[in-house]
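Structure below is start.csv: CSV, C-alpha atoms.
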```csv
chain,number,residue,atom,x,y,z
A,1,MET,CA,-36.7,10.2,-8.7
A,2,SER,CA,-38.7,7.6,-10.6
A,3,GLU,CA,-42.1,8.2,-12.1
A,4,THR,CA,-43.7,7.0,-9.0
A,5,GLY,CA,-41.8,9.4,-6.9
A,6,THR,CA,-39.8,6.7,-5.2
A,7,HIS,CA,-36.0,7.1,-5.1
A,8,PRO,CA,-34.2,4.4,-7.3
A,9,LEU,CA,-32.0,3.5,-4.3
A,10,LYS,CA,-35.1,2.6,-2.3
A,11,LEU,CA,-36.5,0.6,-5.3
A,12,ALA,CA,-33.2,-1.4,-5.5
A,13,ARG,CA,-33.2,-1.9,-1.7
A,14,ASP,CA,-36.8,-3.1,-1.8
A,15,ASP,CA,-36.0,-5.6,-4.5
A,16,LEU,CA,-33.3,-7.1,-2.2
A,17,ASP,CA,-35.8,-7.2,0.6
A,18,PHE,CA,-33.4,-5.0,2.7
A,19,THR,CA,-34.3,-2.6,5.4
A,20,GLN,CA,-32.4,0.7,5.5
A,21,GLU,CA,-30.4,-0.8,8.3
A,22,ASP,CA,-29.5,-3.9,6.2
A,23,LEU,CA,-28.3,-1.7,3.3
A,24,ALA,CA,-26.3,0.4,5.8
A,25,VAL,CA,-24.5,-2.6,7.1
A,26,ALA,CA,-23.9,-4.1,3.6
A,27,THR,CA,-22.4,-0.9,2.2
A,28,GLY,CA,-20.6,0.3,5.3
A,29,LEU,CA,-22.7,3.5,5.5
A,30,SER,CA,-24.6,4.8,8.4
A,31,THR,CA,-28.4,4.3,8.5
A,32,LYS,CA,-28.7,8.1,8.6
A,33,THR,CA,-26.8,8.4,5.3
A,34,VAL,CA,-29.0,5.8,3.6
A,35,LYS,CA,-32.1,7.7,4.7
A,36,ARG,CA,-30.7,11.0,3.5
A,37,ALA,CA,-29.8,9.4,0.1
A,38,GLU,CA,-33.3,8.0,-0.3
A,39,GLN,CA,-34.7,11.4,0.4
A,40,GLY,CA,-32.9,12.8,-2.6
A,41,GLU,CA,-30.1,14.7,-0.9
A,42,PRO,CA,-27.0,15.0,-3.2
A,43,LEU,CA,-24.5,12.2,-2.6
A,44,ASP,CA,-20.9,12.8,-1.8
A,45,GLN,CA,-18.0,10.8,-3.4
A,46,TYR,CA,-17.7,8.4,-0.5
A,47,THR,CA,-21.4,7.5,-0.4
A,48,ILE,CA,-21.5,7.0,-4.2
A,49,SER,CA,-18.4,4.8,-4.1
A,50,ARG,CA,-19.9,2.6,-1.4
A,51,ILE,CA,-23.2,2.2,-3.3
A,52,CYS,CA,-21.3,1.5,-6.5
A,53,ASP,CA,-19.1,-1.1,-4.9
A,54,TYR,CA,-22.0,-2.9,-3.3
A,55,PHE,CA,-24.4,-3.0,-6.2
A,56,SER,CA,-21.6,-3.8,-8.8
A,57,GLU,CA,-20.3,-6.7,-6.6
A,58,HIS,CA,-23.6,-8.2,-5.4
A,59,TYR,CA,-26.5,-7.1,-7.5
A,60,HIS,CA,-27.0,-6.8,-11.3
A,61,ARG,CA,-29.7,-4.1,-11.3
A,62,ARG,CA,-28.8,-1.0,-13.4
A,63,ILE,CA,-29.4,2.3,-11.7
A,64,ASP,CA,-29.8,5.6,-13.5
A,65,GLN,CA,-26.9,7.6,-12.3
A,66,LYS,CA,-28.7,10.9,-12.7
A,67,GLU,CA,-31.5,9.7,-10.4
A,68,LEU,CA,-29.0,8.8,-7.8
A,69,GLY,CA,-28.4,12.4,-7.0
A,70,LEU,CA,-25.3,13.0,-9.0
A,71,ARG,CA,-26.6,16.4,-10.1
A,72,LYS,CA,-28.0,19.0,-7.8
A,73,ARG,CA,-29.9,22.3,-8.2
A,74,HIS,CA,-28.1,25.6,-7.5
A,75,ARG,CA,-29.8,28.8,-6.7
A,76,LYS,CA,-27.4,31.7,-7.0
A,77,ASN,CA,-28.1,35.3,-7.9
A,78,GLY,CA,-31.7,34.5,-8.5
A,79,GLU,CA,-30.8,31.8,-11.1
A,80,ASP,CA,-32.6,28.5,-10.8
A,81,GLY,CA,-30.8,26.0,-13.0
A,82,ARG,CA,-28.9,22.7,-13.1
A,83,LYS,CA,-25.1,22.8,-13.0
A,84,GLU,CA,-22.6,20.0,-13.0
A,85,ALA,CA,-21.6,18.9,-9.5
A,86,PRO,CA,-18.1,19.6,-8.3
A,87,GLU,CA,-15.1,17.6,-9.6
A,88,ALA,CA,-15.2,15.1,-6.7
A,89,VAL,CA,-18.7,14.2,-7.6
A,90,GLN,CA,-17.7,14.0,-11.3
A,91,VAL,CA,-15.1,11.4,-10.3
A,92,ALA,CA,-17.9,9.5,-8.5
A,93,LYS,CA,-20.0,9.6,-11.6
A,94,ARG,CA,-17.3,7.9,-13.6
A,95,GLN,CA,-17.1,5.3,-10.8
A,96,LEU,CA,-20.8,4.7,-10.9
A,97,SER,CA,-20.7,4.3,-14.7
A,98,ASN,CA,-19.2,0.8,-14.0
A,99,LEU,CA,-22.8,-0.3,-13.2
A,100,GLU,CA,-23.5,0.0,-16.9
A,101,LYS,CA,-20.5,-2.3,-17.7
A,102,ILE,CA,-21.5,-5.3,-15.8
A,103,GLU,CA,-22.1,-7.4,-18.9
A,104,ASP,CA,-19.0,-6.1,-20.7
A,105,ASP,CA,-16.7,-9.1,-21.3
A,106,THR,CA,-13.6,-6.9,-21.1
A,107,ALA,CA,-14.6,-5.4,-17.7
A,108,PHE,CA,-13.6,-6.8,-14.3
A,109,SER,CA,-16.8,-8.8,-13.5
A,110,PRO,CA,-18.5,-8.2,-10.1
A,111,GLU,CA,-17.8,-11.8,-9.5
A,112,ILE,CA,-15.2,-13.7,-11.4
A,113,LEU,CA,-12.1,-11.5,-12.3
A,114,ARG,CA,-11.8,-10.8,-16.0
A,115,VAL,CA,-9.0,-9.2,-17.9
A,116,GLY,CA,-8.9,-8.7,-21.7
A,117,GLY,CA,-11.9,-11.0,-22.1
A,118,LEU,CA,-10.3,-13.8,-20.2
A,119,ALA,CA,-11.7,-15.1,-16.9
A,120,ILE,CA,-9.7,-15.9,-13.8
A,121,ASN,CA,-11.5,-18.1,-11.3
A,122,LEU,CA,-11.1,-15.7,-8.4
A,123,ILE,CA,-13.4,-13.2,-6.7
A,124,ILE,CA,-12.1,-9.8,-5.4
A,125,LEU,CA,-13.8,-9.1,-2.1
A,126,ALA,CA,-12.0,-5.8,-1.3
A,127,ARG,CA,-9.4,-3.4,-2.7
A,128,GLY,CA,-7.7,-0.9,-0.5
A,129,ARG,CA,-4.6,0.0,1.4
A,130,TYR,CA,-4.4,-2.5,4.3
A,131,GLY,CA,-1.4,-1.8,6.6
A,132,PRO,CA,-1.3,-2.8,10.3
A,133,LYS,CA,-3.6,0.1,11.2
A,134,GLU,CA,-6.2,-0.8,8.5
A,135,MET,CA,-6.4,-4.6,9.3
A,136,HIS,CA,-7.8,-5.9,12.6
A,137,CYS,CA,-7.3,-9.6,13.4
A,138,PHE,CA,-9.2,-11.4,16.2
A,139,TYR,CA,-9.0,-14.9,17.6
A,140,ASP,CA,-11.7,-17.2,18.9
A,141,GLY,CA,-10.0,-20.3,20.4
A,142,ALA,CA,-13.2,-22.4,20.3
A,143,THR,CA,-12.6,-25.4,18.1
A,144,VAL,CA,-15.3,-26.0,15.4
A,145,GLN,CA,-16.5,-29.5,15.5
A,146,LEU,CA,-16.3,-31.2,12.2
A,147,PRO,CA,-19.4,-32.9,10.8
A,148,PRO,CA,-19.3,-36.7,11.3
A,149,GLU,CA,-18.6,-37.4,7.6
A,150,PHE,CA,-15.5,-35.1,7.6
A,151,GLU,CA,-14.4,-36.4,11.0
A,152,SER,CA,-14.5,-39.9,9.5
A,153,MET,CA,-12.5,-38.8,6.5
A,154,LYS,CA,-9.9,-37.1,8.7
A,155,LYS,CA,-9.4,-40.2,10.8
A,156,ALA,CA,-9.0,-42.4,7.7
A,157,LEU,CA,-6.5,-40.0,6.2
A,158,MET,CA,-4.4,-39.7,9.4
A,159,SER,CA,-4.3,-43.5,9.7
A,160,ASP,CA,-3.2,-43.8,6.0
A,161,LEU,CA,-0.5,-41.2,6.5
A,162,GLU,CA,0.8,-43.0,9.6
A,163,MET,CA,1.0,-46.3,7.7
A,164,ARG,CA,2.8,-44.7,4.8
A,165,LYS,CA,5.2,-43.1,7.2
A,166,ALA,CA,5.9,-46.4,8.9
A,167,ASN,CA,6.5,-48.0,5.5
A,168,GLY,CA,9.3,-45.5,4.7
A,169,GLU,CA,7.5,-43.2,2.3
A,170,THR,CA,9.3,-39.9,2.3
A,171,LYS,CA,7.0,-37.4,0.4
A,172,LEU,CA,4.3,-37.0,3.0
A,173,PRO,CA,2.5,-33.8,4.1
A,174,TYR,CA,3.2,-32.3,7.5
A,175,ASN,CA,0.1,-31.6,9.6
A,176,SER,CA,1.0,-28.0,10.5
A,177,GLN,CA,-1.1,-26.1,13.0
A,178,THR,CA,-2.9,-23.4,11.1
A,179,TYR,CA,-5.6,-20.7,11.4
A,180,LYS,CA,-9.2,-21.1,10.3
A,181,LEU,CA,-10.8,-17.9,8.9
A,182,LYS,CA,-14.2,-17.8,10.7
A,183,GLU,CA,-15.6,-14.4,9.8
A,184,PHE,CA,-14.6,-11.3,7.8
A,185,SER,CA,-15.9,-7.8,7.2
A,186,THR,CA,-14.9,-5.6,4.3
A,187,GLY,CA,-17.3,-2.7,4.9
A,188,TYR,CA,-16.0,-1.3,8.2
A,189,ARG,CA,-14.4,2.2,8.2
A,190,GLU,CA,-12.4,4.2,10.7
A,191,ILE,CA,-10.8,7.6,11.0
A,192,ILE,CA,-7.0,6.9,10.7
A,193,ASP,CA,-4.5,9.8,10.6
A,194,GLY,CA,-7.4,12.2,10.0
A,195,LYS,CA,-9.0,10.3,7.1
A,196,GLU,CA,-11.9,7.9,6.9
A,197,VAL,CA,-10.5,4.7,5.4
A,198,PRO,CA,-11.7,1.1,4.8
A,199,VAL,CA,-10.7,-1.4,7.5
A,200,LEU,CA,-10.5,-5.1,7.0
A,201,ARG,CA,-11.7,-7.1,10.0
A,202,LEU,CA,-10.9,-10.8,10.2
A,203,LYS,CA,-11.7,-13.4,12.9
A,204,PHE,CA,-9.8,-16.7,13.2
A,205,GLY,CA,-9.9,-19.9,15.1
A,206,PRO,CA,-7.6,-23.0,15.3
A,207,THR,CA,-7.4,-25.7,12.7
A,208,ASP,CA,-4.7,-27.9,11.0
A,209,TYR,CA,-3.5,-28.9,7.5
A,210,VAL,CA,-5.1,-32.4,7.6
A,211,THR,CA,-8.5,-30.8,8.2
A,212,GLN,CA,-7.8,-28.6,5.2
A,213,MET,CA,-7.0,-31.7,3.1
A,214,VAL,CA,-10.4,-33.3,3.8
A,215,THR,CA,-12.4,-30.1,3.5
A,216,ASP,CA,-11.1,-27.2,1.4
A,217,LEU,CA,-8.7,-29.2,-0.8
A,218,ASN,CA,-11.0,-32.3,-1.2
A,219,ILE,CA,-12.4,-30.8,-4.4
A,220,GLY,CA,-14.7,-33.2,-6.3
A,221,ASN,CA,-15.8,-35.2,-3.2
A,222,PRO,CA,-19.6,-35.1,-3.2
A,223,ILE,CA,-19.8,-34.5,0.6
A,224,ARG,CA,-17.4,-31.6,0.4
A,225,GLU,CA,-19.2,-30.1,-2.7
A,226,ARG,CA,-22.5,-30.2,-0.8
A,227,TYR,CA,-21.1,-28.0,2.0
A,228,ALA,CA,-19.4,-25.7,-0.5
A,229,LYS,CA,-22.5,-25.0,-2.5
A,230,ALA,CA,-24.6,-24.3,0.6
A,231,ALA,CA,-22.4,-21.4,1.6
A,232,CYS,CA,-22.2,-17.8,0.2
A,233,ILE,CA,-18.4,-17.4,0.2
A,234,THR,CA,-18.6,-13.8,-0.7
A,235,GLU,CA,-20.4,-13.1,2.6
A,236,HIS,CA,-18.7,-15.6,5.0
A,237,PRO,CA,-16.4,-18.7,4.9
A,238,VAL,CA,-17.8,-22.2,4.7
A,239,PRO,CA,-18.3,-23.0,8.5
A,240,GLU,CA,-17.4,-26.6,8.1
A,241,PHE,CA,-14.1,-26.0,6.2
A,242,ALA,CA,-10.6,-25.3,7.5
A,243,THR,CA,-10.6,-22.2,5.4
A,244,LEU,CA,-7.0,-21.0,5.4
A,245,LEU,CA,-6.0,-17.4,4.6
A,246,GLY,CA,-3.1,-17.4,2.1
A,247,ILE,CA,-0.5,-14.6,2.0
A,248,ASN,CA,0.7,-13.8,-1.6
A,249,LEU,CA,3.5,-11.3,-2.3
A,250,ASN,CA,4.5,-9.9,-5.7
A,251,PHE,CA,8.1,-8.6,-5.7
A,252,ILE,CA,9.2,-5.9,-8.1
A,253,THR,CA,13.0,-5.8,-8.3
A,254,LYS,CA,15.0,-2.5,-8.1
A,255,ASP,CA,15.6,-2.9,-11.9
A,256,GLY,CA,11.9,-3.4,-12.8
A,257,TYR,CA,11.4,-7.1,-13.0
A,258,LEU,CA,8.4,-9.0,-11.6
A,259,LEU,CA,9.6,-12.1,-9.7
A,260,LEU,CA,7.6,-15.2,-10.2
A,261,THR,CA,8.1,-18.8,-9.1
A,262,GLU,CA,7.4,-22.2,-10.5
A,263,ARG,CA,6.3,-24.4,-7.6
A,264,SER,CA,8.0,-27.7,-6.9
A,265,SER,CA,6.1,-30.9,-7.6
A,266,GLN,CA,6.7,-31.6,-3.9
A,267,ALA,CA,4.5,-28.7,-2.9
A,268,PHE,CA,1.1,-30.1,-1.9
A,269,VAL,CA,-0.7,-26.9,-2.8
A,270,ALA,CA,-0.1,-25.6,-6.3
A,271,GLY,CA,2.6,-28.2,-7.0
A,272,GLY,CA,4.1,-27.7,-10.5
A,273,ARG,CA,2.1,-24.5,-11.0
A,274,LEU,CA,3.3,-20.9,-11.7
A,275,HIS,CA,3.0,-18.8,-8.6
A,276,THR,CA,3.7,-15.4,-7.0
A,277,SER,CA,7.1,-14.4,-5.6
A,278,VAL,CA,6.0,-15.7,-2.2
A,279,GLY,CA,3.0,-17.9,-1.2
A,280,GLU,CA,2.6,-18.6,2.5
A,281,ASN,CA,-0.1,-19.7,5.0
A,282,LEU,CA,-0.6,-18.3,8.5
A,283,LEU,CA,0.9,-20.8,11.0
A,284,ARG,CA,0.4,-21.3,14.7
A,285,PRO,CA,2.5,-20.4,16.7
A,286,LEU,CA,5.0,-18.8,14.2
A,287,ASP,CA,2.7,-16.0,13.1
A,288,THR,CA,0.8,-15.5,16.4
A,289,ARG,CA,0.5,-12.2,18.3
A,290,GLN,CA,0.3,-12.0,22.0
A,291,SER,CA,-3.5,-11.8,21.8
A,292,GLY,CA,-3.6,-15.2,20.0
A,293,ALA,CA,-4.7,-13.7,16.7
A,294,PRO,CA,-2.5,-14.3,13.7
A,295,ASP,CA,-0.3,-11.5,12.2
A,296,PRO,CA,-0.4,-11.5,8.4
A,297,PHE,CA,2.5,-9.0,8.3
A,298,ARG,CA,4.8,-11.3,10.3
A,299,CYS,CA,3.8,-14.1,8.0
A,300,ALA,CA,4.8,-12.1,5.0
A,301,LEU,CA,8.2,-11.3,6.4
A,302,ARG,CA,8.7,-14.9,7.4
A,303,GLY,CA,7.7,-16.2,4.0
A,304,ALA,CA,10.0,-13.8,2.1
A,305,GLN,CA,12.9,-14.9,4.3
A,306,GLU,CA,12.2,-18.7,4.2
A,307,GLU,CA,11.3,-19.0,0.5
A,308,LEU,CA,13.7,-16.5,-1.1
A,309,GLY,CA,16.2,-15.3,1.6
A,310,VAL,CA,14.8,-11.7,1.2
A,311,THR,CA,14.6,-9.6,4.3
A,312,LEU,CA,11.6,-7.4,4.6
A,313,HIS,CA,10.7,-4.8,7.3
A,314,ASP,CA,7.3,-4.2,8.8
A,315,GLU,CA,6.8,-1.0,6.8
A,316,ASP,CA,7.4,-2.8,3.5
A,317,VAL,CA,4.2,-4.8,3.5
A,318,VAL,CA,0.9,-3.2,2.7
A,319,PHE,CA,-1.9,-5.5,1.3
A,320,SER,CA,-4.0,-4.2,-1.6
A,321,THR,CA,-6.5,-7.0,-2.2
A,322,PHE,CA,-8.6,-9.5,-0.3
A,323,THR,CA,-9.9,-12.4,-2.4
A,324,VAL,CA,-11.6,-15.8,-2.4
A,325,MET,CA,-11.2,-18.8,-4.8
A,326,PRO,CA,-14.6,-20.3,-5.7
A,327,ASP,CA,-13.2,-23.8,-6.3
A,328,SER,CA,-11.3,-24.2,-3.1
A,329,CYS,CA,-13.3,-21.7,-1.0
A,330,GLN,CA,-10.0,-20.3,0.4
A,331,TYR,CA,-9.2,-16.7,0.9
A,332,SER,CA,-6.0,-14.7,0.2
A,333,LEU,CA,-4.3,-11.4,0.9
A,334,ILE,CA,-2.2,-9.9,-1.9
A,335,SER,CA,0.6,-7.4,-1.7
A,336,THR,CA,2.8,-5.8,-4.3
A,337,ILE,CA,6.2,-4.8,-2.9
A,338,GLN,CA,9.1,-2.8,-4.5
A,339,ILE,CA,12.2,-4.5,-3.1
A,340,GLN,CA,15.6,-2.9,-3.0
A,341,ARG,CA,17.4,-5.7,-4.7
A,342,THR,CA,18.1,-6.3,-8.4
A,343,ARG,CA,17.3,-9.4,-10.4
A,344,ALA,CA,21.0,-10.4,-10.3
A,345,GLU,CA,21.1,-10.0,-6.5
A,346,ILE,CA,18.0,-12.2,-6.0
A,347,GLU,CA,19.5,-14.9,-8.3
A,348,ASP,CA,22.7,-14.8,-6.2
A,349,LEU,CA,20.7,-15.2,-3.0
A,350,TRP,CA,18.8,-18.1,-4.5
A,351,ARG,CA,22.0,-19.9,-5.6
A,352,PHE,CA,24.2,-19.4,-2.5
A,353,ALA,CA,22.0,-18.4,0.5
A,354,VAL,CA,19.8,-21.5,0.2
A,355,PRO,CA,16.6,-20.3,2.1
A,356,SER,CA,15.1,-22.9,4.4
A,357,ASP,CA,12.0,-23.4,2.2
A,358,LYS,CA,13.8,-23.2,-1.2
A,359,TRP,CA,12.5,-26.6,-2.0
A,360,GLU,CA,8.9,-25.2,-2.4
A,361,SER,CA,9.9,-23.6,-5.7
A,362,ARG,CA,11.6,-25.3,-8.7
A,363,ARG,CA,12.9,-22.1,-10.2
A,364,LEU,CA,12.6,-18.4,-10.3
A,365,LEU,CA,11.3,-16.4,-13.3
A,366,PHE,CA,11.7,-12.7,-14.1
A,367,TYR,CA,9.7,-10.6,-16.5
A,368,PRO,CA,9.7,-6.8,-17.1
A,369,HIS,CA,6.9,-5.4,-15.0
A,370,HIS,CA,4.9,-3.9,-17.8
A,371,PRO,CA,1.4,-4.8,-19.2
A,372,ASP,CA,2.8,-6.0,-22.5
A,373,SER,CA,5.4,-8.3,-21.1
A,374,ILE,CA,3.2,-9.7,-18.3
A,375,ALA,CA,0.3,-10.2,-20.7
A,376,GLN,CA,2.5,-12.1,-23.2
A,377,PHE,CA,3.8,-14.5,-20.5
A,378,ALA,CA,0.5,-14.9,-18.7
A,379,VAL,CA,-1.6,-15.6,-21.7
A,380,SER,CA,1.0,-18.0,-23.2
A,381,THR,CA,1.1,-20.0,-20.0
A,382,TRP,CA,-2.6,-19.5,-18.9
A,383,ASP,CA,-3.3,-23.2,-18.0
A,384,ARG,CA,-0.2,-23.5,-15.8
A,385,TRP,CA,-1.1,-20.9,-13.2
A,386,PHE,CA,-2.5,-21.2,-9.7
A,387,ASN,CA,-5.6,-19.0,-9.9
A,388,VAL,CA,-4.8,-16.7,-7.1
A,389,ALA,CA,-1.3,-16.2,-8.4
A,390,LEU,CA,-2.5,-15.3,-11.9
A,391,ALA,CA,-4.9,-12.8,-10.4
A,392,ALA,CA,-2.2,-11.4,-8.2
A,393,VAL,CA,0.0,-10.8,-11.2
A,394,VAL,CA,-2.7,-8.9,-13.0
A,395,LEU,CA,-3.5,-6.9,-9.8
A,396,SER,CA,0.2,-6.0,-9.4
A,397,LEU,CA,-0.1,-3.9,-12.5
A,398,LEU,CA,-3.0,-2.0,-11.0
A,399,ASP,CA,-1.0,-1.7,-7.8
A,400,VAL,CA,1.8,0.2,-9.4
A,401,GLY,CA,-0.4,2.6,-11.3
A,402,TYR,CA,-1.3,1.1,-14.7
A,403,SER,CA,-4.9,1.6,-15.6
A,404,LYS,CA,-7.5,-1.1,-16.1
A,405,GLU,CA,-7.8,0.0,-19.8
A,406,GLN,CA,-4.0,-0.4,-20.3
A,407,ILE,CA,-4.0,-3.8,-18.8
A,408,ASP,CA,-7.1,-5.0,-20.8
A,409,ALA,CA,-5.6,-3.6,-24.0
A,410,ALA,CA,-2.4,-5.6,-23.5
A,411,PHE,CA,-4.2,-8.8,-22.7
A,412,LEU,CA,-6.6,-8.4,-25.6
A,413,HIS,CA,-3.7,-7.7,-28.0
A,414,VAL,CA,-1.8,-10.8,-26.9
A,415,GLY,CA,-4.9,-13.0,-26.9
A,416,SER,CA,-5.9,-11.9,-30.5
A,417,ARG,CA,-2.4,-12.7,-31.7
A,418,ILE,CA,-2.3,-16.2,-30.1
A,419,SER,CA,-5.8,-17.1,-31.3
A,420,ARG,CA,-4.9,-16.5,-35.0
```

Go ahead and render the structure in this file as structure tokens.
Amino acid sequence: MSETGTHPLKLARDDLDFTQEDLAVATGLSTKTVKRAEQGEPLDQYTISRICDYFSEHYHRRIDQKELGLRKRHRKNGEDGRKEAPEAVQVAKRQLSNLEKIEDDTAFSPEILRVGGLAINLIILARGRYGPKEMHCFYDGATVQLPPEFESMKKALMSDLEMRKANGETKLPYNSQTYKLKEFSTGYREIIDGKEVPVLRLKFGPTDYVTQMVTDLNIGNPIRERYAKAACITEHPVPEFATLLGINLNFITKDGYLLLTERSSQAFVAGGRLHTSVGENLLRPLDTRQSGAPDPFRCALRGAQEELGVTLHDEDVVFSTFTVMPDSCQYSLISTIQIQRTRAEIEDLWRFAVPSDKWESRRLLFYPHHPDSIAQFAVSTWDRWFNVALAAVVLSLLDVGYSKEQIDAAFLHVGSRISR
């Protein structure tokens, strides 16, 4: 407790002008749990983790971990003294210590992702294990009316594309029918297979690629920037934008290589940039479930087949990360997948199978999936990357079990050598 007798969690909540119900919704806890925490009851690992996640991502206040109830009094055999909490709570203490590292340049920032002192312009919204059971997708078929200024831009762009098409221009974007991300929730939890786990809930509506071109991708346009700045993209998508959800897959080959791609200059998104193994957008109706909602897992399987000729199965895809790019205000799901093909087999597929969307990538690149190798390549090519792809590559190392400290050390070592 503080000197005033007020629990530090309540002080932090009051500073945010949150009710207990507000904080419960924000952290994914029950209101009853928040009340009990503020009454000084010892916190279990789950509660501590949720509080840590929320305050490290959204609020820069430092909280004394001892005052958060990480120790508790024991009365046993007449002894009244303080003892360390069980191991599960000790783990939580180490998690909460991240609150003290918010200003550490080598730490993953609560906003922009950092690795080895280098910033990647991407925000991690959630990390977990999101298979089909842990991801709920919904569909609202109501079309969002574009503001008049965007509607005018869209009509002008479509007219221009029709004229260029009539004049015989060949390299023109196709106005694919896509999904607009309308809402998301990262704090929901359910009991699945006997365990309480995080569930990602996503709501979509209809949109198209031309709308994306005049909203999300129209970076630098003052009208577009006005809408982007008015929204809190870590809480909800920009209502006026198309806001596509990208699917990004990291493939680790059977013989231990990370597969990367260099995008073709013909690709309208990330053209000429370094990218993940597979980068795909949710499309209507190709990735549509019977309910009308999109199926990110079907999209992943389709992208692997169309871009690389690699066949995946439903059980192969589990997403680990949900992100947003501050510049484009677009969201992404990232998955790291161990595939049962070697580098040589993938190269043979690329040469002879000719996947239908092979044109999207200029070439394939293979690097040993180890922090030192990945750091060497990533740092030496830093300015050539599509931001979400660079972040995905860093996160792929976490996904297979390397620690944040190992990854940071590798990037710091490479960065120091290059800067000499």

For Tyr188 of chain A, please output as an NGL selection string all residues within 8 Å (counting only C-alpha atoms; exclusion window: fewer than 4 positions along the same chain). :A and (28 or 198-201)

Find the distance between atom CA of Leu301 of chain A and atom CA of Phe241 of chain A and write it in Å to one decimal. 26.7 Å

Do you know which residues are at most 9 Å from Ile123 of chain A counting all atoms listed in the file, after dropping those on the same chain fewer than 5 positions away, and could you put them as a list in words? Ser109, Pro110, Glu111, Ile112, Leu113, Thr234, Phe322, Thr323, Val324, Met325 and Pro326 of chain A

The distance between atom CA of Lys154 of chain A and atom CA of Pro239 of chain A is 16.4 Å

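Note that atom CA of Gly205 of chain A and atom CA of Thr143 of chain A are 6.8 Å apart.
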
Mind listing as a VMD selection string all residues within 10 Å of (0.2, -12.0, -20.2), counting all atoms listed in the file? chain A and resid 115 to 116 370 to 382 390 393 to 394 407 410 to 415

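Closest approach to Glu240 of chain A among A:Asn387, A:Ser320, A:Gln305, A:Gln145 is made by A:Gln145 (distances from all atoms listed in the file).
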
Between A:Thr178, A:Ser291, A:Ser361, A:Thr207, which is the closest to Phe138 of chain A once you count all atoms listed in the file? A:Ser291

Nearby residues, (-22.4, -12.3, 7.2) file frame, 10 Å, all atoms listed in the file, as a ChimeraX atom specification: /A:25-26,183-185,232-237

Residue neighbourhood segment 269-285 of chain A, 8 Å, all atoms listed in the file, exclusion window fewer than 2 positions, as an mmCIF file with C-alpha atoms, in the coordinates of the input:
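Okay, this is what ended up in around_25.cif:
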```
data_model
loop_
_atom_site.group_PDB
_atom_site.id
_atom_site.type_symbol
_atom_site.label_atom_id
_atom_site.label_comp_id
_atom_site.auth_asym_id
_atom_site.auth_seq_id
_atom_site.Cartn_x
_atom_site.Cartn_y
_atom_site.Cartn_z
ATOM 1 C CA SER A 176 1.000 -28.000 10.500
ATOM 2 C CA GLN A 177 -1.100 -26.100 13.000
ATOM 3 C CA THR A 178 -2.900 -23.400 11.100
ATOM 4 C CA TYR A 179 -5.600 -20.700 11.400
ATOM 5 C CA LEU A 244 -7.000 -21.000 5.400
ATOM 6 C CA LEU A 245 -6.000 -17.400 4.600
ATOM 7 C CA GLY A 246 -3.100 -17.400 2.100
ATOM 8 C CA ILE A 247 -0.500 -14.600 2.000
ATOM 9 C CA ASN A 248 0.700 -13.800 -1.600
ATOM 10 C CA LEU A 249 3.500 -11.300 -2.300
ATOM 11 C CA ASN A 250 4.500 -9.900 -5.700
ATOM 12 C CA PHE A 251 8.100 -8.600 -5.700
ATOM 13 C CA LEU A 259 9.600 -12.100 -9.700
ATOM 14 C CA LEU A 260 7.600 -15.200 -10.200
ATOM 15 C CA THR A 261 8.100 -18.800 -9.100
ATOM 16 C CA GLU A 262 7.400 -22.200 -10.500
ATOM 17 C CA ARG A 263 6.300 -24.400 -7.600
ATOM 18 C CA SER A 264 8.000 -27.700 -6.900
ATOM 19 C CA SER A 265 6.100 -30.900 -7.600
ATOM 20 C CA GLN A 266 6.700 -31.600 -3.900
ATOM 21 C CA ALA A 267 4.500 -28.700 -2.900
ATOM 22 C CA ASP A 287 2.700 -16.000 13.100
ATOM 23 C CA THR A 288 0.800 -15.500 16.400
ATOM 24 C CA PRO A 294 -2.500 -14.300 13.700
ATOM 25 C CA ASP A 295 -0.300 -11.500 12.200
ATOM 26 C CA PRO A 296 -0.400 -11.500 8.400
ATOM 27 C CA CYS A 299 3.800 -14.100 8.000
ATOM 28 C CA ALA A 300 4.800 -12.100 5.000
ATOM 29 C CA GLY A 303 7.700 -16.200 4.000
ATOM 30 C CA ALA A 304 10.000 -13.800 2.100
ATOM 31 C CA GLU A 307 11.300 -19.000 0.500
ATOM 32 C CA LEU A 308 13.700 -16.500 -1.100
ATOM 33 C CA ARG A 384 -0.200 -23.500 -15.800
ATOM 34 C CA TRP A 385 -1.100 -20.900 -13.200
ATOM 35 C CA PHE A 386 -2.500 -21.200 -9.700
ATOM 36 C CA ALA A 389 -1.300 -16.200 -8.400
ATOM 37 C CA LEU A 390 -2.500 -15.300 -11.900
ATOM 38 C CA ALA A 392 -2.200 -11.400 -8.200
ATOM 39 C CA VAL A 393 0.000 -10.800 -11.200
#
```

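Proximity of A:Gln330, A:Arg164, A:Ala37, A:Leu23 to His7 of chain A, computed with all atoms listed in the file, is greatest for A:Ala37.
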
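The closest residue to Gly40 of chain A, picked from A:Ala119, A:Leu9, A:Leu258, A:Ile346 and counting only C-alpha atoms, is A:Leu9.
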